file model01.txt (compact mmCIF, C-alpha atoms)
# COMPACT_ATOMS: atom_id res chain seq x y z
CA MET A 28 101.86 362.54 94.00
CA SER A 29 102.10 360.13 96.90
CA GLU A 30 100.67 360.66 100.39
CA ARG A 31 101.62 359.48 103.83
CA ALA A 32 99.12 357.32 105.66
CA ASP A 33 99.08 355.86 109.17
CA SER A 34 98.74 352.08 109.23
CA PRO A 35 97.03 350.18 112.09
CA ASP A 36 100.41 349.72 113.79
CA GLY A 37 100.89 353.48 113.98
CA VAL A 38 103.76 353.63 111.48
CA ALA A 39 103.48 356.18 108.69
CA ARG A 40 103.94 354.61 105.28
CA GLU A 41 103.93 355.91 101.76
CA ARG A 42 100.75 355.50 99.78
CA GLY A 43 101.08 355.51 96.04
CA PRO A 44 99.18 357.85 93.75
CA GLU A 45 95.53 357.19 93.02
CA PRO A 46 95.04 355.21 89.79
CA ALA A 47 94.18 357.30 86.78
CA GLU A 48 90.54 357.37 85.77
CA PRO A 49 89.73 355.58 82.50
CA GLY A 50 89.41 357.71 79.39
CA PRO A 51 85.99 358.40 77.84
CA SER A 52 86.34 355.68 75.19
CA ARG A 53 87.20 352.95 77.70
CA ARG A 54 84.47 354.15 80.02
CA ALA A 55 81.94 354.02 77.18
CA SER A 56 83.14 350.54 76.19
CA TYR A 57 82.82 349.33 79.79
CA LEU A 58 79.27 350.68 80.08
CA ALA A 59 78.37 349.08 76.75
CA PHE A 60 79.53 345.73 78.15
CA VAL A 61 77.49 346.20 81.35
CA ALA A 62 74.37 347.13 79.38
CA HIS A 63 74.74 344.04 77.19
CA GLU A 64 75.29 341.77 80.21
CA VAL A 65 72.17 343.08 81.97
CA ARG A 66 69.95 343.20 78.87
CA ASN A 67 70.27 339.52 77.94
CA PRO A 68 69.17 337.88 81.23
CA LEU A 69 66.56 340.60 81.80
CA SER A 70 65.03 339.86 78.40
CA THR A 71 64.97 336.15 79.25
CA ALA A 72 63.28 336.83 82.59
CA LEU A 73 60.62 339.02 80.98
CA TRP A 74 59.99 336.51 78.20
CA SER A 75 59.59 333.69 80.73
CA ALA A 76 57.23 335.75 82.90
CA GLU A 77 55.09 336.70 79.89
CA LEU A 78 54.77 333.06 78.84
CA LEU A 79 53.79 332.06 82.37
CA ALA A 80 51.15 334.79 82.47
CA ARG A 81 49.56 333.49 79.24
CA MET A 82 49.55 329.84 80.28
CA ALA A 83 46.48 328.12 81.71
CA PRO A 84 46.71 327.54 85.48
CA GLU A 85 46.95 323.76 85.08
CA GLU A 86 49.78 324.09 82.52
CA ARG A 87 51.56 326.65 84.67
CA ALA A 88 51.63 324.11 87.51
CA GLY A 89 53.11 321.42 85.26
CA ALA A 90 56.61 320.61 84.06
CA ARG A 91 56.70 323.38 81.45
CA GLY A 92 55.65 325.95 84.00
CA GLU A 93 58.31 324.77 86.44
CA LYS A 94 60.95 325.01 83.73
CA LEU A 95 59.96 328.59 82.91
CA VAL A 96 59.92 329.59 86.58
CA ALA A 97 63.44 328.17 87.05
CA MET A 98 64.65 329.99 83.92
CA CYS A 99 63.14 333.25 85.15
CA LEU A 100 64.69 332.91 88.62
CA ARG A 101 68.15 332.15 87.20
CA SER A 102 67.98 335.18 84.94
CA VAL A 103 66.79 337.51 87.69
CA ASP A 104 69.56 336.24 89.99
CA ARG A 105 72.12 336.90 87.26
CA VAL A 106 70.83 340.47 86.88
CA ARG A 107 70.93 340.95 90.66
CA ARG A 108 74.61 340.00 90.83
CA LEU A 109 75.52 342.21 87.89
CA VAL A 110 73.66 345.20 89.33
CA GLU A 111 75.17 344.74 92.80
CA ASP A 112 78.72 344.52 91.43
CA HIS A 113 78.22 347.38 88.97
CA PHE A 114 76.95 349.78 91.62
CA LEU A 115 79.70 348.72 94.01
CA VAL A 116 82.19 349.66 91.29
CA GLU A 117 80.44 352.99 90.73
CA ARG A 118 80.26 353.86 94.42
CA LEU A 119 83.89 352.96 95.02
CA ASP A 120 85.04 354.98 92.00
CA ALA A 121 83.06 357.95 93.35
CA ARG A 122 84.45 357.33 96.86
CA GLY A 123 80.84 357.22 98.00
CA ILE A 124 81.05 354.44 100.61
CA PRO A 125 81.79 355.42 104.22
CA LEU A 126 84.46 353.08 105.58
CA ARG A 127 84.53 351.72 109.12
CA PRO A 128 87.88 349.95 109.66
CA GLU A 129 87.92 347.55 112.60
CA PRO A 130 89.77 344.40 113.68
CA LEU A 131 88.30 341.51 111.69
CA PRO A 132 89.21 337.88 112.50
CA LEU A 133 90.29 336.31 109.23
CA ALA A 134 88.48 333.05 109.94
CA ASP A 135 85.20 334.95 110.43
CA LEU A 136 85.64 336.81 107.14
CA VAL A 137 86.29 333.60 105.22
CA ASP A 138 83.35 331.83 106.89
CA ALA A 139 81.00 334.70 105.98
CA ALA A 140 82.12 334.64 102.35
CA VAL A 141 81.82 330.84 102.12
CA ALA A 142 78.25 331.03 103.48
CA ARG A 143 77.28 333.43 100.68
CA VAL A 144 78.87 331.43 97.85
CA PRO A 145 77.75 327.78 97.72
CA LEU A 146 80.44 325.84 95.86
CA ARG A 147 80.02 322.26 94.68
CA ALA A 148 83.45 321.11 95.80
CA GLY A 149 83.51 323.25 98.95
CA VAL A 150 86.36 325.37 100.29
CA GLU A 151 89.49 324.14 102.05
CA THR A 152 91.05 326.69 104.41
CA ASP A 153 94.51 326.93 105.93
CA LEU A 154 94.54 330.09 108.06
CA GLU A 155 97.12 331.16 110.60
CA PRO A 156 95.38 331.02 114.03
CA GLY A 157 94.41 334.35 115.59
CA LEU A 158 95.09 336.33 112.43
CA ALA A 159 92.97 339.45 111.91
CA ALA A 160 92.81 342.26 109.39
CA HIS A 161 92.13 345.93 110.15
CA ALA A 162 89.64 346.96 107.47
CA ASP A 163 86.01 347.57 106.57
CA ARG A 164 83.94 344.41 107.06
CA MET A 165 81.58 344.85 104.11
CA LEU A 166 84.38 345.47 101.62
CA CYS A 167 86.44 342.52 102.88
CA GLU A 168 83.50 340.12 102.76
CA ARG A 169 82.51 341.27 99.26
CA THR A 170 86.10 340.89 98.04
CA LEU A 171 86.35 337.34 99.36
CA GLU A 172 82.88 336.46 98.08
CA CYS A 173 83.85 337.55 94.56
CA LEU A 174 87.12 335.64 94.67
CA LEU A 175 85.50 332.41 95.88
CA ALA A 176 82.75 332.63 93.25
CA VAL A 177 85.21 333.11 90.39
CA ALA A 178 87.79 330.60 91.64
CA GLY A 179 85.11 327.92 92.05
CA ALA A 180 83.14 328.64 88.87
CA SER A 181 83.90 325.30 87.19
CA GLY A 182 83.20 323.23 90.29
CA ALA A 183 86.88 322.71 91.06
CA PRO A 184 87.97 322.67 94.73
CA VAL A 185 88.92 326.07 96.14
CA ARG A 186 91.70 326.55 98.69
CA VAL A 187 92.23 329.65 100.84
CA LEU A 188 95.59 330.17 102.54
CA GLY A 189 96.06 332.98 105.08
CA ARG A 190 99.34 334.10 106.65
CA ARG A 191 100.90 337.13 108.27
CA GLU A 192 103.51 338.91 106.17
CA GLY A 193 105.03 341.77 108.15
CA ALA A 194 102.32 344.37 108.74
CA ARG A 195 99.91 342.69 106.35
CA VAL A 196 97.48 339.82 106.17
CA ALA A 197 98.20 337.85 103.00
CA LEU A 198 95.60 335.54 101.51
CA ARG A 199 95.90 333.23 98.54
CA VAL A 200 92.80 331.91 96.81
CA LYS A 201 93.42 328.98 94.48
CA GLY A 202 90.91 327.28 92.19
CA ASP A 203 90.21 327.91 88.52
CA ALA A 204 93.24 329.54 86.92
CA PRO A 205 92.68 333.27 86.33
CA ARG A 206 92.46 334.23 82.68
CA GLU A 207 94.79 336.85 81.25
CA GLY A 208 93.71 340.34 82.32
CA ALA A 209 91.21 338.86 84.79
CA LEU A 210 91.27 341.90 87.09
CA GLU A 211 90.84 344.48 84.34
CA ASP A 212 87.51 346.17 83.62
CA PRO A 213 85.67 344.29 80.84
CA GLN A 214 85.14 346.09 77.56
CA ARG A 215 82.75 345.73 74.65
CA GLY A 216 83.25 342.21 73.32
CA SER A 217 84.72 340.78 76.56
CA PRO A 218 83.58 337.26 77.49
CA SER A 219 80.19 337.01 79.14
CA ASP A 220 79.43 335.05 82.32
CA ALA A 221 76.25 333.00 82.54
CA ARG A 222 76.27 333.27 86.34
CA GLY A 223 76.37 337.06 86.43
CA ARG A 224 79.94 337.24 87.76
CA SER A 225 81.54 339.15 84.90
CA LEU A 226 82.03 342.24 87.11
CA ALA A 227 83.06 340.33 90.24
CA LEU A 228 86.83 340.72 89.87
CA PRO A 229 86.81 344.43 88.90
CA ALA A 230 84.59 345.03 91.94
CA ALA A 231 86.88 342.94 94.17
CA ARG A 232 89.96 344.80 92.94
CA ARG A 233 88.48 348.16 93.87
CA ALA A 234 87.09 346.89 97.19
CA ALA A 235 90.51 345.55 98.20
CA VAL A 236 92.15 348.93 97.49
CA ALA A 237 89.42 350.83 99.35
CA ALA A 238 89.91 348.51 102.33
CA GLY A 239 93.57 349.50 102.45
CA GLY A 240 94.95 346.47 100.64
CA ALA A 241 95.48 345.19 97.12
CA LEU A 242 94.43 342.34 94.86
CA SER A 243 96.65 340.77 92.22
CA VAL A 244 97.21 337.55 90.32
CA GLU A 245 100.39 335.66 91.21
CA GLU A 246 101.45 332.24 89.96
CA GLY A 247 97.94 331.31 88.86
CA GLU A 248 96.34 332.33 92.17
CA TYR A 249 94.49 335.37 93.48
CA ALA A 250 96.65 337.20 96.02
CA LEU A 251 94.87 339.53 98.46
CA VAL A 252 96.69 341.62 101.05
CA LEU A 253 95.02 343.61 103.83
CA PRO A 254 96.32 345.71 106.74
CA LEU A 255 97.11 343.65 109.83
CA ALA A 256 95.18 344.21 113.04
CA VAL A 257 97.85 344.54 115.71
CA ARG A 258 95.61 343.39 118.54
CA PRO A 259 93.11 340.84 117.19
CA PRO A 260 89.86 340.51 119.15
CA ALA A 261 89.52 337.45 121.35
CA SER A 262 86.81 335.99 119.08
CA GLY A 263 89.39 335.63 116.30
CA ASP A 264 91.64 333.27 118.26
CA ARG A 265 90.72 329.96 116.73

call {"tool": "encode", "arguments": {"input": "model01.txt", "output": "C-alpha cells"}}
result
Amino acid sequence: MSERADSPDGVARERGPEPAEPGPSRRASYLAFVAHEVRNPLSTALWSAELLARMAPEERAGARGEKLVAMCLRSVDRVRRLVEDHFLVERLDARGIPLRPEPLPLADLVDAAVARVPLRAGVETDLEPGLAAHADRMLCERTLECLLAVAGASGAPVRVLGRREGARVALRVKGDAPREGALEDPQRGSPSDARGRSLALPAARRAAVAAGGALSVEEGEYALVLPLAVRPPASGDR
C-alpha cells in the first residue's frame, strides 16, 4: 500500500510500497557471504600478527617485517570496510538510524566523498552551480563514497555529473561499468572483493532510499536521485 509524503517543495507525492524483506533462505545466503568475506582477511591479519610476534626484533624491523605489517594493515582495513557497510545495511533495514534532512550543497557532498576515497585517476566533476539536495548528510556522503570507490576500482577515471531534474537532484557516476545485478545483495558464491567493497553497492542502494532518493544503473552508469532543496544555502553557490 502506498503512502503520501511531503517533499521539500511542500507538494504531496505518492511514495511506493516498502520493498519486501528477503526470505529466510536469501537472508541466510547473504549472511554466509558476509561471514566468508570477513573471515578471510581477518585470518590473514591474525596470521601476520602472530608471525610478527614470533620474529626477532631485528628481523621484525627488516624487509620481511615490513611486508607482514603491510599485509596485516591491508587485511584489517578490508575488514573495517566490510563491517561498516554490513552494519549500515543492518541498521537501515531495521530503520534504526535517525535522519536529519537538511539542505546540502551538491559540490560539498561530492568533495567530502572524494576526500574519503583516494582514486588513482582522480574524479572529474560537472555539477550545476548552486544545486543542493534536501537529505541526511551522513547517508548522502556514504552513498557517494561507495559509488566512487566501486566506479574507480580498476583505476579508471571517474566522472560525476549533477543536474536538476524537476524536483530532484540527479547525479550520474561513470567509471568502471557496473556488472549485472551490481545493486543486488550478494549471496553465497558471489564474487569477492579484495578491497572490502563487496557490500558497498547494497549499502549505497539502501542509503539512497532512506535519504528520500533512489539508486539505479542506467546505460552503464550509476544514477542517483535525491530530493531537491528548494532554497540552497549560500555556501552551495559555487

call {"tool": "atom_distance", "arguments": {"input": "model01.txt", "atom1": "atom CA of Arg91 of chain A", "atom2": "atom CA of Asp104 of chain A"}}
result
20.1 Å

call {"tool": "residues_around", "arguments": {"input": "model01.txt", "residues": "Phe60 of chain A", "least_positions_apart": "2", "cutoff": "6 Å", "atoms": "only C-alpha atoms", "output": "PyMOL selection string"}}
result
chain A and resi 57-58+62-63+214-215

call {"tool": "closest_residue", "arguments": {"input": "model01.txt", "among": "A:Ala159, A:Val116, A:Val200, A:Leu133", "to": "Val236 of chain A", "atoms": "only C-alpha atoms"}}
result
A:Val116

call {"tool": "residues_around", "arguments": {"input": "model01.txt", "residues": "His113 of chain A", "least_positions_apart": "4", "cutoff": "12 Å", "atoms": "all atoms listed in the file", "output": "ChimeraX atom specification"}}
result
/A:57-58,60-62,64-65,106-109,117-120,212-213,223-231,233

call {"tool": "closest_residue", "arguments": {"input": "model01.txt", "among": "A:Leu100, A:Val177, A:Ala160, A:Val187", "to": "Asp138 of chain A", "atoms": "only C-alpha atoms"}}
result
A:Val187

call {"tool": "residues_near_point", "arguments": {"input": "model01.txt", "point": "(92.6, 345.5, 97.4)", "cutoff": "12 Å", "atoms": "only C-alpha atoms", "output": "ChimeraX atom specification"}}
result
/A:119,162-163,166-171,174,195-198,210,228-244,249-254

call {"tool": "residues_near_point", "arguments": {"input": "model01.txt", "point": "(96.2, 334.4, 87.8)", "cutoff": "8 Å", "atoms": "all atoms listed in the file", "output": "list in words"}}
result
Ala204, Pro205, Arg206, Glu207, Ala209, Ser243, Val244, Glu245, Glu246, Gly247, Glu248 and Tyr249 of chain A

call {"tool": "closest_residue", "arguments": {"input": "model01.txt", "among": "A:Pro51, A:Pro125, A:Gly216, A:Gly182", "to": "Pro145 of chain A", "atoms": "all atoms listed in the file"}}
result
A:Gly182

call {"tool": "atom_distance", "arguments": {"input": "model01.txt", "atom1": "atom CA of Ala134 of chain A", "atom2": "atom CA of Arg122 of chain A"}}
result
27.9 Å

call {"tool": "closest_residue", "arguments": {"input": "model01.txt", "among": "A:Glu86, A:Asp135, A:Glu151, A:Glu93", "to": "Gly202 of chain A", "atoms": "all atoms listed in the file"}}
result
A:Glu151

call {"tool": "closest_residue", "arguments": {"input": "model01.txt", "among": "A:Leu188, A:Leu126, A:Ala121, A:Leu115", "to": "Val150 of chain A", "atoms": "only C-alpha atoms"}}
result
A:Leu188

call {"tool": "decode", "arguments": {"input": "model01.txt", "residues": "segment 67-95 of chain A", "atoms": "C-alpha atoms", "output": "PDB file, in the first residue's frame"}}
result
ATOM      1  CA  ASN A  67      39.387 -14.473   5.042  1.00  0.00           C
ATOM      2  CA  PRO A  68      41.054 -11.080   5.652  1.00  0.00           C
ATOM      3  CA  LEU A  69      40.692 -11.486   9.418  1.00  0.00           C
ATOM      4  CA  SER A  70      42.542 -14.807   9.251  1.00  0.00           C
ATOM      5  CA  THR A  71      45.279 -13.152   7.186  1.00  0.00           C
ATOM      6  CA  ALA A  72      45.602 -10.311   9.697  1.00  0.00           C
ATOM      7  CA  LEU A  73      45.853 -12.715  12.637  1.00  0.00           C
ATOM      8  CA  TRP A  74      48.384 -14.915  10.843  1.00  0.00           C
ATOM      9  CA  SER A  75      50.542 -11.883  10.004  1.00  0.00           C
ATOM     10  CA  ALA A  76      50.367 -10.572  13.580  1.00  0.00           C
ATOM     11  CA  GLU A  77      51.324 -13.974  15.012  1.00  0.00           C
ATOM     12  CA  LEU A  78      54.345 -14.208  12.716  1.00  0.00           C
ATOM     13  CA  LEU A  79      55.435 -10.706  13.692  1.00  0.00           C
ATOM     14  CA  ALA A  80      55.125 -11.579  17.373  1.00  0.00           C
ATOM     15  CA  ARG A  81      57.417 -14.610  16.938  1.00  0.00           C
ATOM     16  CA  MET A  82      60.071 -12.780  14.929  1.00  0.00           C
ATOM     17  CA  ALA A  83      63.253 -11.423  16.486  1.00  0.00           C
ATOM     18  CA  PRO A  84      63.219  -7.615  16.895  1.00  0.00           C
ATOM     19  CA  GLU A  85      65.913  -7.118  14.255  1.00  0.00           C
ATOM     20  CA  GLU A  86      64.029  -9.288  11.730  1.00  0.00           C
ATOM     21  CA  ARG A  87      60.760  -7.551  12.544  1.00  0.00           C
ATOM     22  CA  ALA A  88      62.369  -4.233  11.615  1.00  0.00           C
ATOM     23  CA  GLY A  89      63.597  -5.589   8.281  1.00  0.00           C
ATOM     24  CA  ALA A  90      62.003  -6.102   4.880  1.00  0.00           C
ATOM     25  CA  ARG A  91      60.095  -9.234   5.895  1.00  0.00           C
ATOM     26  CA  GLY A  92      58.638  -7.495   8.908  1.00  0.00           C
ATOM     27  CA  GLU A  93      57.565  -4.518   6.816  1.00  0.00           C
ATOM     28  CA  LYS A  94      55.878  -6.840   4.324  1.00  0.00           C
ATOM     29  CA  LEU A  95      53.924  -8.578   7.096  1.00  0.00           C
TER      30      LEU A  95
END
